[in-house]
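Here's the structure we're looking at; comments come further down.
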Amino acid sequence: MLNHITIMGRLTRDPELRRTGNGTAVASFCLAVDRDFSPKDGGERETDFIDCVAWRQNGEFVSKYFAKGRMAVVDGRLQIRKWQDKDGNNRYSAEVIAEHVYFGDSKKDASDDSGFIPPVQPDANDYALLDDDDAQLPF
């Protein structure tokens, strides 16, 4: 059997880090994931809001380095939980159990709304001339 999912989107809120009774870290967060296609009527792309859960070191990593608006790539498995509401009705919730979480943008990109990253132009003063003696080089 195969249960593997990879999604990429922006966090809709800051991750919430909690601890279980025995101290295991668990972070909950939600990703806004745009669909790859636009509706036929020319309307806007639809967005899915997908709940994610990261355990242990992954949870601590997410809560420390990710915040609302950051782009994240989550690799994991889909899990459907069955629970009962206060009226005793059976309910189901789908969530991604994150096995790996990666940055989908750079920290600079996350703070810059334009999305433009200017090219880096080297300055002539950034370089130093080497002596002609290649014997000092380690290769």
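Within each chain, counting starts at residue 1; across the structure tokens, chains are named A, B, ... in the order shown, with ligands numbered 1 upward in that order.
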
Exercise for review: Could you give me, as a list in words, the residues within 10 Å of segment 86-94 of chain A, counting only C-alpha atoms and dropping anything in the same chain fewer than 5 positions from it?
Suggested key: Ile50, Asp51, Cys52, Leu78, Gln79, Ile80 and Arg81 of chain A

All heavy atoms of the current selection, written as an mmCIF file, in the first residue's frame:
data_model
loop_
_atom_site.group_PDB
_atom_site.id
_atom_site.type_symbol
_atom_site.label_atom_id
_atom_site.label_comp_id
_atom_site.auth_asym_id
_atom_site.auth_seq_id
_atom_site.Cartn_x
_atom_site.Cartn_y
_atom_site.Cartn_z
ATOM 1 N N ILE A 50 -5.307 23.079 3.891
ATOM 2 C CA ILE A 50 -4.996 21.720 4.319
ATOM 3 C C ILE A 50 -4.325 21.752 5.679
ATOM 4 O O ILE A 50 -3.284 22.392 5.862
ATOM 5 C CB ILE A 50 -4.095 21.026 3.276
ATOM 6 C CG1 ILE A 50 -4.808 21.026 1.906
ATOM 7 C CG2 ILE A 50 -3.733 19.621 3.726
ATOM 8 C CD1 ILE A 50 -3.973 20.532 0.760
ATOM 9 N N ASP A 51 -4.931 21.047 6.642
ATOM 10 C CA ASP A 51 -4.369 20.950 7.987
ATOM 11 C C ASP A 51 -3.190 19.990 7.978
ATOM 12 O O ASP A 51 -3.233 18.934 7.344
ATOM 13 C CB ASP A 51 -5.424 20.455 8.977
ATOM 14 C CG ASP A 51 -6.521 21.474 9.214
ATOM 15 O OD1 ASP A 51 -6.202 22.674 9.245
ATOM 16 O OD2 ASP A 51 -7.688 21.072 9.378
ATOM 17 N N CYS A 52 -2.131 20.375 8.703
ATOM 18 C CA CYS A 52 -0.925 19.559 8.785
ATOM 19 C C CYS A 52 -0.515 19.406 10.242
ATOM 20 O O CYS A 52 -0.773 20.294 11.068
ATOM 21 C CB CYS A 52 0.227 20.211 8.018
ATOM 22 S SG CYS A 52 -0.104 20.456 6.265
ATOM 23 N N LEU A 78 -1.314 11.113 4.224
ATOM 24 C CA LEU A 78 -2.660 11.592 4.510
ATOM 25 C C LEU A 78 -3.286 10.703 5.568
ATOM 26 O O LEU A 78 -3.184 9.479 5.506
ATOM 27 C CB LEU A 78 -3.505 11.573 3.238
ATOM 28 C CG LEU A 78 -4.915 12.135 3.352
ATOM 29 C CD1 LEU A 78 -4.875 13.611 3.698
ATOM 30 C CD2 LEU A 78 -5.679 11.910 2.064
ATOM 31 N N GLN A 79 -3.915 11.331 6.550
ATOM 32 C CA GLN A 79 -4.572 10.581 7.617
ATOM 33 C C GLN A 79 -5.989 11.128 7.809
ATOM 34 O O GLN A 79 -6.192 12.340 7.841
ATOM 35 C CB GLN A 79 -3.779 10.731 8.916
ATOM 36 C CG GLN A 79 -4.401 10.019 10.100
ATOM 37 C CD GLN A 79 -3.477 10.070 11.305
ATOM 38 O OE1 GLN A 79 -2.406 9.471 11.296
ATOM 39 N NE2 GLN A 79 -3.891 10.781 12.331
ATOM 40 N N ILE A 80 -6.947 10.232 7.923
ATOM 41 C CA ILE A 80 -8.331 10.599 8.180
ATOM 42 C C ILE A 80 -8.647 10.194 9.615
ATOM 43 O O ILE A 80 -8.516 9.029 9.980
ATOM 44 C CB ILE A 80 -9.307 9.885 7.208
ATOM 45 C CG1 ILE A 80 -8.858 10.055 5.754
ATOM 46 C CG2 ILE A 80 -10.727 10.369 7.434
ATOM 47 C CD1 ILE A 80 -8.856 11.466 5.253
ATOM 48 N N ARG A 81 -9.039 11.175 10.419
ATOM 49 C CA ARG A 81 -9.391 10.903 11.819
ATOM 50 C C ARG A 81 -10.903 10.910 11.977
ATOM 51 O O ARG A 81 -11.590 11.770 11.434
ATOM 52 C CB ARG A 81 -8.795 11.966 12.748
ATOM 53 C CG ARG A 81 -7.325 11.843 12.950
ATOM 54 C CD ARG A 81 -6.801 12.765 14.039
ATOM 55 N NE ARG A 81 -7.144 14.169 13.808
ATOM 56 C CZ ARG A 81 -7.932 14.906 14.584
ATOM 57 N NH1 ARG A 81 -8.498 14.397 15.648
ATOM 58 N NH2 ARG A 81 -8.164 16.180 14.306
#

Quick one: which segment 9-43 of chain A residues come within 7 Å of segment 64-67 of chain A, and what is the nearest atom pair for each with the distance in Å to one decimal, counting only C-alpha atoms, rows ordered by chain and ascending number, as CSV?
residue,atom,partner,partner_atom,distance
A:Leu11,CA,A:Ala67,CA,6.7
A:Arg13,CA,A:Ala67,CA,6.7
A:Asp14,CA,A:Ala67,CA,4.6
A:Pro15,CA,A:Ala67,CA,6.6

Review point. Per DSSP on the backbone, what are the strand (DSSP E) residues of segment 61-102 of chain A, as a ChimeraX atom specification?
Key: /A:71-84,90-102

Exercise for review: Could you check which of A:Phe37, A:Thr47, A:Val62, A:Ile5 is closest to Arg18 of chain A, using only C-alpha atoms?
Suggested key: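 Going through A:Phe37, A:Thr47, A:Val62, A:Ile5 one by one, the smallest distance to Arg18 of chain A is for A:Val62.
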
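In this structure, atom CA of Gln84 of chain A sits 28.4 Å away from atom CA of Ser63 of chain A.
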
**Study point:** Long-range neighbours of Val101 of chain A as a count of residues only, 10 Å cut-off, only C-alpha atoms, 5 positions minimum in chain
**Key:** 14

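The space between atom CA of Arg70 of chain A and atom CA of Phe29 of chain A spans 11.5 Å.
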